[in-house]
>>> print(open('upload30.csv').read())   # CSV, C-alpha atoms (C1' of nucleotides)
chain,number,residue,atom,x,y,z
A,1114,MET,CA,120.5,-12.1,190.9
A,1115,ARG,CA,116.9,-12.6,191.5
A,1116,HIS,CA,116.0,-9.7,193.7
A,1117,LYS,CA,118.0,-6.7,192.7
A,1118,SER,CA,116.2,-4.4,195.1
A,1119,LEU,CA,117.6,-6.3,198.0
A,1120,ASN,CA,121.0,-5.1,197.0
A,1121,ASP,CA,120.1,-1.6,196.1
A,1122,THR,CA,121.6,0.1,199.1
A,1123,GLY,CA,122.4,3.0,196.8
A,1124,CYS,CA,125.9,1.8,196.1
A,1125,PRO,CA,126.9,2.9,192.6
A,1126,ILE,CA,128.7,-0.3,192.0
A,1127,ALA,CA,125.6,-2.4,192.7
A,1128,ARG,CA,123.6,0.1,190.6
A,1129,SER,CA,125.9,-0.2,187.7
A,1130,LEU,CA,125.9,-3.9,187.9
A,1131,GLU,CA,122.2,-3.9,187.5
A,1132,HIS,CA,122.7,-2.6,184.0
A,1133,VAL,CA,125.9,-4.2,182.9
A,1134,GLY,CA,126.4,-7.0,185.4
A,1135,GLU,CA,126.1,-9.8,182.9
A,1136,TRP,CA,128.8,-11.3,180.9
A,1137,TRP,CA,127.3,-10.6,177.5
A,1138,SER,CA,126.3,-7.1,178.2
A,1139,ILE,CA,129.9,-6.0,178.7
A,1140,LEU,CA,131.0,-8.0,175.7
A,1141,ILE,CA,128.3,-6.4,173.6
A,1142,LEU,CA,129.4,-3.0,174.7
A,1143,ARG,CA,133.0,-3.9,173.9
A,1144,ASP,CA,132.0,-4.7,170.4
A,1145,ALA,CA,129.8,-1.6,170.1
A,1146,PHE,CA,132.9,0.4,170.9
A,1147,THR,CA,134.8,-1.2,168.0
A,1148,GLY,CA,132.0,-0.3,165.6
A,1149,ALA,CA,129.6,-3.2,165.7
A,1150,SER,CA,126.1,-2.0,165.5
A,1151,ARG,CA,123.9,-4.6,163.8
A,1152,PHE,CA,122.3,-7.7,165.2
A,1153,ASP,CA,124.4,-9.9,162.9
A,1154,ASP,CA,127.6,-8.0,163.8
A,1155,PHE,CA,127.2,-8.9,167.4
A,1156,GLN,CA,126.1,-12.4,166.7
A,1157,THR,CA,129.0,-13.4,164.6
A,1158,ASN,CA,131.5,-11.6,166.7
A,1159,LEU,CA,130.4,-13.0,170.0
A,1160,GLY,CA,129.1,-16.4,168.9
A,1161,ILE,CA,126.1,-15.7,171.1
A,1162,ALA,CA,122.8,-17.4,170.5
A,1163,PRO,CA,120.2,-15.1,168.9
A,1164,ASN,CA,117.7,-15.3,171.7
A,1165,MET,CA,120.4,-14.4,174.2
A,1166,LEU,CA,121.5,-11.5,172.0
A,1167,THR,CA,117.9,-10.3,171.8
A,1168,ARG,CA,117.5,-10.4,175.5
A,1169,ARG,CA,120.8,-8.6,176.2
A,1170,LEU,CA,120.2,-5.9,173.6
A,1171,LYS,CA,116.8,-5.3,175.1
A,1172,THR,CA,118.2,-4.7,178.6
A,1173,LEU,CA,120.9,-2.5,177.3
A,1174,VAL,CA,118.4,-0.4,175.4
A,1175,GLU,CA,116.2,-0.2,178.4
A,1176,SER,CA,119.1,0.8,180.5
A,1177,GLY,CA,119.8,3.6,178.1
A,1178,LEU,CA,123.3,2.4,177.0
A,1179,LEU,CA,122.3,1.6,173.5
A,1180,GLU,CA,119.8,3.1,171.2
A,1181,LYS,CA,117.8,1.1,168.7
A,1182,ARG,CA,117.5,2.8,165.4
A,1183,ARG,CA,115.8,1.8,162.2
A,1184,TYR,CA,118.2,2.3,159.4
A,1185,SER,CA,116.1,0.9,156.7
A,1186,ASP,CA,112.4,1.0,156.1
A,1187,LYS,CA,111.5,-1.1,153.1
A,1188,PRO,CA,112.9,-4.1,154.8
A,1189,ALA,CA,112.8,-3.1,158.4
A,1190,ARG,CA,116.3,-3.1,159.6
A,1191,TYR,CA,117.7,-1.9,162.9
A,1192,GLU,CA,121.0,-0.9,164.4
A,1193,TYR,CA,122.1,-0.5,168.0
A,1194,VAL,CA,124.3,2.5,168.7
A,1195,LEU,CA,125.9,3.7,171.9
A,1196,THR,CA,124.2,6.5,173.7
A,1197,ASN,CA,126.2,9.1,175.7
A,1198,LYS,CA,125.7,7.0,178.8
A,1199,GLY,CA,127.0,4.0,176.9
A,1200,ARG,CA,130.0,5.8,175.6
A,1201,GLU,CA,131.0,7.0,179.0
A,1202,PHE,CA,131.4,3.4,180.0
A,1203,ARG,CA,134.6,3.4,178.1
A,1204,PRO,CA,136.9,4.1,181.0
A,1205,VAL,CA,135.6,1.1,182.8
A,1206,LEU,CA,136.2,-1.0,179.8
A,1207,TRP,CA,139.7,0.3,179.3
A,1208,ALA,CA,140.6,-0.1,183.0
A,1209,LEU,CA,139.4,-3.7,182.6
A,1210,ILE,CA,141.6,-4.2,179.6
A,1211,ALA,CA,144.6,-2.9,181.5
A,1212,TRP,CA,143.9,-5.2,184.4
A,1213,GLY,CA,143.3,-8.2,182.2
A,1214,ASN,CA,146.4,-7.5,180.2
A,1215,GLU,CA,148.4,-7.3,183.4
A,1216,HIS,CA,147.1,-10.4,185.1
A,1217,PHE,CA,145.5,-12.7,182.6
A,1218,ALA,CA,147.5,-12.5,179.4
A,1219,PRO,CA,150.5,-14.8,180.0
A,1220,GLU,CA,151.2,-14.9,176.2
A,1221,GLY,CA,151.2,-11.1,175.8
A,1222,GLU,CA,148.7,-8.5,175.0
A,1223,SER,CA,146.2,-9.2,172.3
A,1224,ILE,CA,144.6,-5.8,172.4
A,1225,MET,CA,145.8,-2.5,173.8
A,1226,VAL,CA,145.1,1.2,174.0
A,1227,ILE,CA,147.1,3.3,171.5
A,1228,ASP,CA,147.4,6.8,170.4
A,1229,ALA,CA,145.2,7.0,167.3
A,1230,VAL,CA,147.7,9.2,165.5
A,1231,THR,CA,151.1,8.0,166.5
A,1232,GLY,CA,150.2,4.5,167.3
A,1233,GLU,CA,152.1,4.7,170.6
A,1234,ARG,CA,151.0,2.5,173.4
A,1235,ALA,CA,149.1,4.1,176.3
A,1236,GLU,CA,149.2,2.8,179.8
A,1237,PRO,CA,145.8,3.5,181.4
A,1238,VAL,CA,145.9,4.8,185.0
A,1239,LEU,CA,143.2,6.4,187.1
A,1240,VAL,CA,143.9,10.0,188.4
A,1241,ASP,CA,142.0,12.8,189.9
A,1242,ARG,CA,140.9,15.1,187.0
A,1243,ARG,CA,141.7,18.3,188.8
A,1244,THR,CA,145.0,17.6,190.4
A,1245,GLY,CA,146.2,14.8,188.2
A,1246,ARG,CA,147.3,12.8,191.2
A,1247,LEU,CA,147.3,9.0,190.9
A,1248,LEU,CA,144.2,7.6,192.5
A,1249,GLN,CA,145.5,4.9,194.8
A,1250,ALA,CA,145.4,3.8,198.4
A,1251,PRO,CA,146.2,5.0,201.0
A,1252,GLU,CA,146.3,8.5,199.6
A,1253,PHE,CA,142.7,8.1,198.4
A,1254,ARG,CA,139.8,6.1,199.8
A,1255,ILE,CA,136.1,5.6,199.6
A,1256,ALA,CA,133.9,7.6,201.8
A,1257,ALA,CA,130.1,8.0,202.3
A,1258,GLY,CA,128.7,10.8,200.1
A,1259,PRO,CA,125.9,13.3,200.7
A,1260,ALA,CA,123.2,10.8,199.6
A,1261,ALA,CA,124.6,8.0,201.7
A,1262,SER,CA,122.0,5.9,203.6
A,1263,GLU,CA,122.5,5.4,207.3
A,1264,ARG,CA,123.6,1.8,206.5
A,1265,MET,CA,126.2,3.2,204.0
A,1266,ARG,CA,127.5,5.6,206.6
A,1267,ARG,CA,128.0,2.8,209.1
A,1268,ARG,CA,129.7,0.7,206.6
A,1269,HIS,CA,132.5,3.1,206.2
A,1270,ALA,CA,133.7,3.3,209.7
A,1271,PRO,CA,133.3,-0.1,211.6
A,1272,PHE,CA,135.8,-1.8,209.4
A,1273,ASN,CA,138.4,0.9,209.7
A,1274,GLU,CA,138.0,0.6,213.4
A,1275,ARG,CA,138.3,-3.1,213.6
A,1276,LYS,CA,141.1,-3.4,211.0
A,1277,PRO,CA,143.3,-0.3,210.7
A,1278,GLY,CA,144.9,-1.8,207.6
A,1279,ALA,CA,141.6,-1.7,205.6
A,1280,GLN,CA,142.1,-1.0,201.9
A,1281,SER,CA,140.3,1.6,200.1
B,252,MET,CA,128.3,-18.6,180.3
B,253,ARG,CA,128.6,-22.3,179.9
B,254,HIS,CA,131.6,-22.6,177.6
B,255,LYS,CA,134.1,-20.0,178.5
B,256,SER,CA,136.6,-21.4,176.1
B,257,LEU,CA,134.3,-20.5,173.2
B,258,ASN,CA,134.7,-16.9,174.1
B,259,ASP,CA,138.4,-17.0,174.9
B,260,THR,CA,139.7,-15.2,171.8
B,261,GLY,CA,142.4,-13.8,174.0
B,262,CYS,CA,140.4,-10.7,174.7
B,263,PRO,CA,141.5,-9.3,178.1
B,264,ILE,CA,137.9,-8.2,178.8
B,265,ALA,CA,136.5,-11.7,178.3
B,266,ARG,CA,139.4,-13.1,180.3
B,267,SER,CA,138.8,-10.7,183.1
B,268,LEU,CA,135.1,-11.5,183.1
B,269,GLU,CA,135.9,-15.2,183.5
B,270,HIS,CA,137.1,-14.2,187.0
B,271,VAL,CA,135.0,-11.3,188.1
B,272,GLY,CA,132.1,-11.6,185.7
B,273,GLU,CA,129.5,-12.4,188.2
B,274,TRP,CA,127.5,-9.9,190.3
B,275,TRP,CA,128.6,-11.2,193.6
B,276,SER,CA,132.2,-11.5,192.8
B,277,ILE,CA,132.5,-7.7,192.2
B,278,LEU,CA,130.4,-6.9,195.3
B,279,ILE,CA,132.6,-9.2,197.4
B,280,LEU,CA,135.7,-7.4,196.1
B,281,ARG,CA,134.1,-4.1,196.8
B,282,ASP,CA,133.6,-5.1,200.4
B,283,ALA,CA,137.1,-6.6,200.7
B,284,PHE,CA,138.4,-3.2,199.7
B,285,THR,CA,136.5,-1.6,202.6
B,286,GLY,CA,138.0,-4.0,205.0
B,287,ALA,CA,135.7,-7.0,205.1
B,288,SER,CA,137.6,-10.2,205.3
B,289,ARG,CA,135.6,-12.8,207.2
B,290,PHE,CA,132.8,-15.0,206.0
B,291,ASP,CA,130.3,-13.3,208.2
B,292,ASP,CA,131.4,-9.8,207.2
B,293,PHE,CA,130.5,-10.5,203.6
B,294,GLN,CA,127.4,-12.4,204.5
B,295,THR,CA,125.9,-9.7,206.6
B,296,ASN,CA,127.1,-6.8,204.4
B,297,LEU,CA,125.8,-8.3,201.2
B,298,GLY,CA,122.8,-10.3,202.4
B,299,ILE,CA,124.1,-13.1,200.3
B,300,ALA,CA,123.1,-16.7,201.0
B,301,PRO,CA,125.9,-18.7,202.6
B,302,ASN,CA,126.1,-21.3,199.9
B,303,MET,CA,126.4,-18.6,197.3
B,304,LEU,CA,129.1,-16.9,199.3
B,305,THR,CA,131.0,-20.1,199.6
B,306,ARG,CA,130.9,-20.6,195.8
B,307,ARG,CA,131.9,-17.1,195.0
B,308,LEU,CA,134.7,-17.0,197.5
B,309,LYS,CA,136.0,-20.2,196.1
B,310,THR,CA,136.2,-18.9,192.6
B,311,LEU,CA,137.8,-15.7,193.7
B,312,VAL,CA,140.4,-17.7,195.6
B,313,GLU,CA,141.0,-20.0,192.6
B,314,SER,CA,141.4,-16.9,190.4
B,315,GLY,CA,144.0,-15.6,192.8
B,316,LEU,CA,142.2,-12.4,193.7
B,317,LEU,CA,141.6,-13.4,197.3
B,318,GLU,CA,143.8,-15.5,199.6
B,319,LYS,CA,142.2,-17.8,202.2
B,320,ARG,CA,144.1,-17.6,205.5
B,321,ARG,CA,143.5,-19.4,208.8
B,322,TYR,CA,143.6,-16.8,211.5
B,323,SER,CA,142.7,-19.1,214.3
B,324,ASP,CA,143.6,-22.7,215.0
B,325,LYS,CA,141.8,-23.8,218.1
B,326,PRO,CA,138.4,-23.1,216.4
B,327,ALA,CA,139.4,-23.2,212.8
B,328,ARG,CA,138.6,-19.8,211.4
B,329,TYR,CA,139.4,-18.3,208.1
B,330,GLU,CA,139.7,-14.9,206.5
B,331,TYR,CA,139.8,-13.8,202.9
B,332,VAL,CA,142.3,-11.1,202.1
B,333,LEU,CA,143.0,-9.3,198.8
B,334,THR,CA,146.1,-10.5,196.9
B,335,ASN,CA,148.1,-8.1,194.8
B,336,LYS,CA,146.1,-9.1,191.8
B,337,GLY,CA,142.9,-8.4,193.7
B,338,ARG,CA,144.2,-5.1,194.9
B,339,GLU,CA,145.0,-4.0,191.4
B,340,PHE,CA,141.3,-4.4,190.5
B,341,ARG,CA,140.7,-1.1,192.4
B,342,PRO,CA,140.9,1.2,189.3
B,343,VAL,CA,138.1,-0.8,187.6
B,344,LEU,CA,136.0,-0.5,190.7
B,345,TRP,CA,136.6,3.2,191.1
B,346,ALA,CA,135.9,3.8,187.4
B,347,LEU,CA,132.7,1.9,187.9
B,348,ILE,CA,131.8,4.0,190.9
B,349,ALA,CA,132.4,7.2,188.9
B,350,TRP,CA,130.2,5.9,186.1
B,351,GLY,CA,127.5,4.8,188.4
B,352,ASN,CA,127.5,8.1,190.2
B,353,GLU,CA,127.3,9.9,187.0
B,354,HIS,CA,124.4,8.0,185.5
B,355,PHE,CA,122.6,6.0,188.1
B,356,ALA,CA,122.5,8.1,191.2
B,357,PRO,CA,119.6,10.6,190.7
B,358,GLU,CA,119.4,11.3,194.4
B,359,GLY,CA,123.1,12.2,194.6
B,360,GLU,CA,126.3,10.2,195.4
B,361,SER,CA,126.2,7.7,198.2
B,362,ILE,CA,129.8,6.9,198.1
B,363,MET,CA,132.7,8.7,196.4
B,364,VAL,CA,136.5,8.8,196.2
B,365,ILE,CA,138.2,11.3,198.5
B,366,ASP,CA,141.6,12.4,199.5
B,367,ALA,CA,142.3,10.4,202.6
B,368,VAL,CA,144.0,13.3,204.3
B,369,THR,CA,142.1,16.4,203.3
B,370,GLY,CA,138.8,14.7,202.6
B,371,GLU,CA,138.5,16.5,199.3
B,372,ARG,CA,136.5,14.8,196.5
B,373,ALA,CA,138.4,13.3,193.7
B,374,GLU,CA,137.0,12.9,190.2
B,375,PRO,CA,138.4,9.7,188.7
B,376,VAL,CA,139.5,9.9,185.0
B,377,LEU,CA,141.6,7.6,183.0
B,378,VAL,CA,144.9,9.0,181.6
B,379,ASP,CA,148.1,7.7,180.0
B,380,ARG,CA,150.6,7.1,182.8
B,381,ARG,CA,153.5,8.5,180.9
B,382,THR,CA,152.1,11.6,179.2
B,383,GLY,CA,149.1,12.2,181.5
B,384,ARG,CA,146.9,12.8,178.5
B,385,LEU,CA,143.2,12.0,178.9
B,386,LEU,CA,142.4,8.6,177.5
B,387,GLN,CA,139.4,9.2,175.3
B,388,ALA,CA,138.3,8.8,171.7
B,389,PRO,CA,139.2,9.7,169.1
B,390,GLU,CA,142.7,10.6,170.3
B,391,PHE,CA,143.1,7.0,171.6
B,392,ARG,CA,141.7,3.8,170.4
B,393,ILE,CA,142.0,0.0,170.7
B,394,ALA,CA,144.3,-1.8,168.5
B,395,ALA,CA,145.5,-5.4,168.1
B,396,GLY,CA,148.6,-6.1,170.3
B,397,PRO,CA,151.6,-8.4,169.7
B,398,ALA,CA,149.8,-11.5,170.9
B,399,ALA,CA,146.6,-10.9,168.9
B,400,SER,CA,145.1,-13.8,167.1
B,401,GLU,CA,144.3,-13.6,163.4
B,402,ARG,CA,140.7,-13.2,164.4
B,403,MET,CA,141.5,-10.3,166.7
B,404,ARG,CA,143.6,-8.6,164.0
B,405,ARG,CA,140.7,-8.8,161.6
B,406,ARG,CA,138.3,-7.5,164.1
B,407,HIS,CA,140.2,-4.3,164.3
B,408,ALA,CA,140.0,-3.2,160.8
B,409,PRO,CA,136.8,-4.4,159.1
B,410,PHE,CA,134.7,-2.2,161.2
B,411,ASN,CA,136.8,0.8,160.7
B,412,GLU,CA,136.5,0.3,157.0
B,413,ARG,CA,132.7,-0.1,157.0
B,414,LYS,CA,132.0,2.6,159.5
B,415,PRO,CA,134.5,5.4,159.6
B,416,GLY,CA,132.8,6.8,162.7
B,417,ALA,CA,133.5,3.7,164.8
B,418,GLN,CA,134.2,4.4,168.4
B,419,SER,CA,137.3,2.7,169.5
C,30,DC,C1',128.0,-29.7,233.1
C,31,DA,C1',124.2,-28.1,230.3
C,32,DC,C1',123.1,-24.2,227.5
C,33,DT,C1',123.7,-20.7,224.3
C,34,DA,C1',126.5,-18.3,221.0
C,35,DT,C1',129.8,-17.7,217.2
C,36,DC,C1',131.9,-18.9,212.9
C,37,DA,C1',132.2,-21.1,208.8
C,38,DC,C1',130.3,-23.5,206.4
C,39,DT,C1',126.9,-28.0,203.9
C,40,DT,C1',122.8,-30.1,201.9
C,41,DG,C1',118.5,-30.2,199.5
C,42,DC,C1',115.4,-28.3,196.6
C,43,DA,C1',112.4,-24.9,193.8
C,44,DT,C1',112.8,-21.4,190.7
C,45,DA,C1',115.0,-18.7,187.2
C,46,DA,C1',118.4,-17.7,183.7
C,47,DT,C1',121.1,-19.5,180.1
C,48,DG,C1',122.0,-21.5,175.7
C,49,DA,C1',121.3,-24.8,171.6
C,50,DT,C1',118.4,-25.7,167.8
C,51,DA,C1',115.0,-24.7,164.8
C,52,DG,C1',111.7,-21.9,162.8
C,53,DT,C1',109.5,-17.2,161.2
C,54,DC,C1',108.8,-13.1,158.4
C,55,DA,C1',109.7,-9.4,155.3
C,56,DC,C1',111.8,-8.3,151.6
C,57,DA,C1',115.6,-8.1,147.6
C,58,DG,C1',117.9,-9.9,143.6
C,59,DA,C1',118.6,-13.4,139.9
D,1147,DT,C1',110.2,-19.1,141.7
D,1148,DC,C1',114.2,-19.7,144.3
D,1149,DT,C1',117.8,-18.4,147.1
D,1150,DG,C1',119.7,-15.1,150.4
D,1151,DT,C1',120.0,-11.6,154.1
D,1152,DG,C1',118.7,-9.5,158.3
D,1153,DA,C1',116.5,-9.6,162.5
D,1154,DC,C1',114.5,-11.9,165.1
D,1155,DT,C1',110.8,-15.5,168.0
D,1156,DA,C1',109.6,-20.3,170.1
D,1157,DT,C1',110.7,-24.4,172.4
D,1158,DC,C1',113.1,-26.9,175.4
D,1159,DA,C1',117.1,-29.0,178.0
D,1160,DT,C1',120.7,-27.7,181.0
D,1161,DT,C1',122.8,-24.8,184.6
D,1162,DA,C1',123.0,-21.5,188.0
D,1163,DT,C1',120.8,-19.0,191.6
D,1164,DG,C1',119.0,-18.4,196.0
D,1165,DC,C1',116.1,-19.8,200.1
D,1166,DA,C1',115.7,-22.5,204.1
D,1167,DA,C1',117.5,-25.5,207.2
D,1168,DG,C1',121.1,-28.1,209.2
D,1169,DT,C1',126.1,-29.3,210.8
D,1170,DG,C1',130.3,-29.3,213.5
D,1171,DA,C1',133.8,-27.3,216.2
D,1172,DT,C1',134.8,-24.6,219.9
D,1173,DA,C1',134.1,-20.8,223.5
D,1174,DG,C1',131.8,-18.6,227.1
D,1175,DT,C1',128.2,-18.4,230.9
D,1176,DG,C1',125.4,-19.9,235.0
>>> encode(input="upload30.csv", output="structure tokens")
Amino acid sequence: MRHKSLNDTGCPIARSLEHVGEWWSILILRDAFTGASRFDDFQTNLGIAPNMLTRRLKTLVESGLLEKRRYSDKPARYEYVLTNKGREFRPVLWALIAWGNEHFAPEGESIMVIDAVTGERAEPVLVDRRTGRLLQAPEFRIAAGPAASERMRRRHAPFNERKPGAQS
Amino acid sequence: MRHKSLNDTGCPIARSLEHVGEWWSILILRDAFTGASRFDDFQTNLGIAPNMLTRRLKTLVESGLLEKRRYSDKPARYEYVLTNKGREFRPVLWALIAWGNEHFAPEGESIMVIDAVTGERAEPVLVDRRTGRLLQAPEFRIAAGPAASERMRRRHAPFNERKPGAQS
DNA sequence: CACTATCACTTGCATAATGATAGTCACAGA
DNA sequence: TCTGTGACTATCATTATGCAAGTGATAGTG
């Protein structure tokens, strides 16, 4: 996307994608969650070209998802560790894993979420934190929030009028 | 990404990204969830160029996330509706909304998930469907599944050995 | 019947991003 | 001195993106 600003209508999805919208960024985060932290870790794991890795790490650091830390002085060596913001991306990643396992893993699951102690499989679902109710349509839907632009507000009615069966 | 196969280690995240890994694809799905279905809907909502829209819709249909349906014969007119596979992408989208709202919405939330009946705000969190336990580290972690390749299996031990504090 | 509008797209082309290959630099150990 | 590791840059070809403009089929209006 050349002109990100054109799409910045305040939508949190578009905003998020400005930071993690590229292939490699998400794959890098995935590896960071499994403990990768050094340039070479990412490079060998991902098979990414070094220049690409440099570029992606740079944007992730700028976005505040990774922090670049010098872990050695004599030979200057760096590591990239998840910030709090980066760590909180985990639910998205795990939801993506669940979806991918469900729909794009014909030969079975190659990775899955498990209980770290018992090793029992977990099945990730999205619920409301307070009530614990399953977050699904049509019980729940998207609505304009307090900071919604006029455009946003309009977007969340016209479709419902034209198509009563609108999802979300 | 030029050579998807190079990255297809069976990882469900990489697999998912092959289908929805581009900016526009996710934004199109977002709009599909709010009821958009026709070419023009997407175009005016997103401000996307028509050729780009054609390309993205094509890949989404090929991936089985959208279905192209002719809704008019006399003038041939089409609509794009979410398939089941597409609809089940909703948790990822909502997790992304929650994350974006949390970290990239300094001026407040422009959209949010609400109870469709009461209008009350929901706070999306990921839990285990069976036990209802919050899916977070270190209680839960990623592990190699039954269909994991040798490479995958190795990936989920070496890091834990080198860095005990590895985030799942 | 000419004229305009709607919808769902193509085509062509300039610009930008991606990715492969090769090279750099600072040190460390043998 | 020679080899090796870690973390990169530089260069350049290939691809993808995105803008502008055009197309074709039909429908409605004066």
>>> interface_residues(input="upload30.csv", of="chain A", to="chain B", cutoff="6 Å", atoms="all atoms listed in the file", output="PyMOL selection string")
chain A and resi 1125-1126+1129+1134+1136+1146-1148+1205+1208-1210+1213-1214+1221-1229+1235-1242+1252-1258+1260-1261+1272+1279-1281
>>> interface_residues(input="upload30.csv", of="chain D", to="chain A", cutoff="8 Å", atoms="all atoms listed in the file", output="PyMOL selection string")
chain D and resi 1152-1155+1163-1164
>>> closest_atom_pairs(input="upload30.csv", of="chain C", to="chain B", cutoff="12 Å", atoms="only C-alpha atoms (C1' of nucleotides)", output="Markdown table")
| residue | atom | partner | partner_atom | distance |
| --- | --- | --- | --- | --- |
| C:DT35 | C1' | B:Asp291 | CA | 10.0 |
| C:DC36 | C1' | B:Arg328 | CA | 6.9 |
| C:DA37 | C1' | B:Phe290 | CA | 6.7 |
| C:DC38 | C1' | B:Pro301 | CA | 7.5 |
| C:DT39 | C1' | B:Asn302 | CA | 7.8 |
| C:DT40 | C1' | B:Asn302 | CA | 9.6 |
| C:DG41 | C1' | B:Asn302 | CA | 11.7 |
| C:DA46 | C1' | B:Met252 | CA | 10.5 |
| C:DT47 | C1' | B:Met252 | CA | 7.3 |
| C:DG48 | C1' | B:Arg253 | CA | 7.9 |
| C:DA49 | C1' | B:Arg253 | CA | 11.3 |
>>> write_last_selection(input="upload30.csv", atoms="C-alpha atoms (C1' of nucleotides)", output="PDB file, in the frame of the given file")
ATOM      1  C1'  DT C  35     129.800 -17.700 217.200  1.00  0.00           C
ATOM      2  C1'  DC C  36     131.900 -18.900 212.900  1.00  0.00           C
ATOM      3  C1'  DA C  37     132.200 -21.100 208.800  1.00  0.00           C
ATOM      4  C1'  DC C  38     130.300 -23.500 206.400  1.00  0.00           C
ATOM      5  C1'  DT C  39     126.900 -28.000 203.900  1.00  0.00           C
ATOM      6  C1'  DT C  40     122.800 -30.100 201.900  1.00  0.00           C
ATOM      7  C1'  DG C  41     118.500 -30.200 199.500  1.00  0.00           C
ATOM      8  C1'  DA C  46     118.400 -17.700 183.700  1.00  0.00           C
ATOM      9  C1'  DT C  47     121.100 -19.500 180.100  1.00  0.00           C
ATOM     10  C1'  DG C  48     122.000 -21.500 175.700  1.00  0.00           C
ATOM     11  C1'  DA C  49     121.300 -24.800 171.600  1.00  0.00           C
TER      12       DA C  49
END
>>> residues_around(input="upload30.csv", residues="DT33 of chain C", least_positions_apart="3", cutoff="12 Å", atoms="only C-alpha atoms (C1' of nucleotides)", output="list in words")
DA1173, DG1174, DT1175 and DG1176 of chain D
>>> atom_distance(input="upload30.csv", atom1="atom CA of Glu318 of chain B", atom2="atom CA of Val332 of chain B")
5.3 Å
>>> atom_distance(input="upload30.csv", atom1="atom C1' of DC1148 of chain D", atom2="atom CA of Lys1187 of chain A")
20.8 Å
>>> atom_distance(input="upload30.csv", atom1="atom CA of Lys319 of chain B", atom2="atom CA of Tyr331 of chain B")
4.7 Å
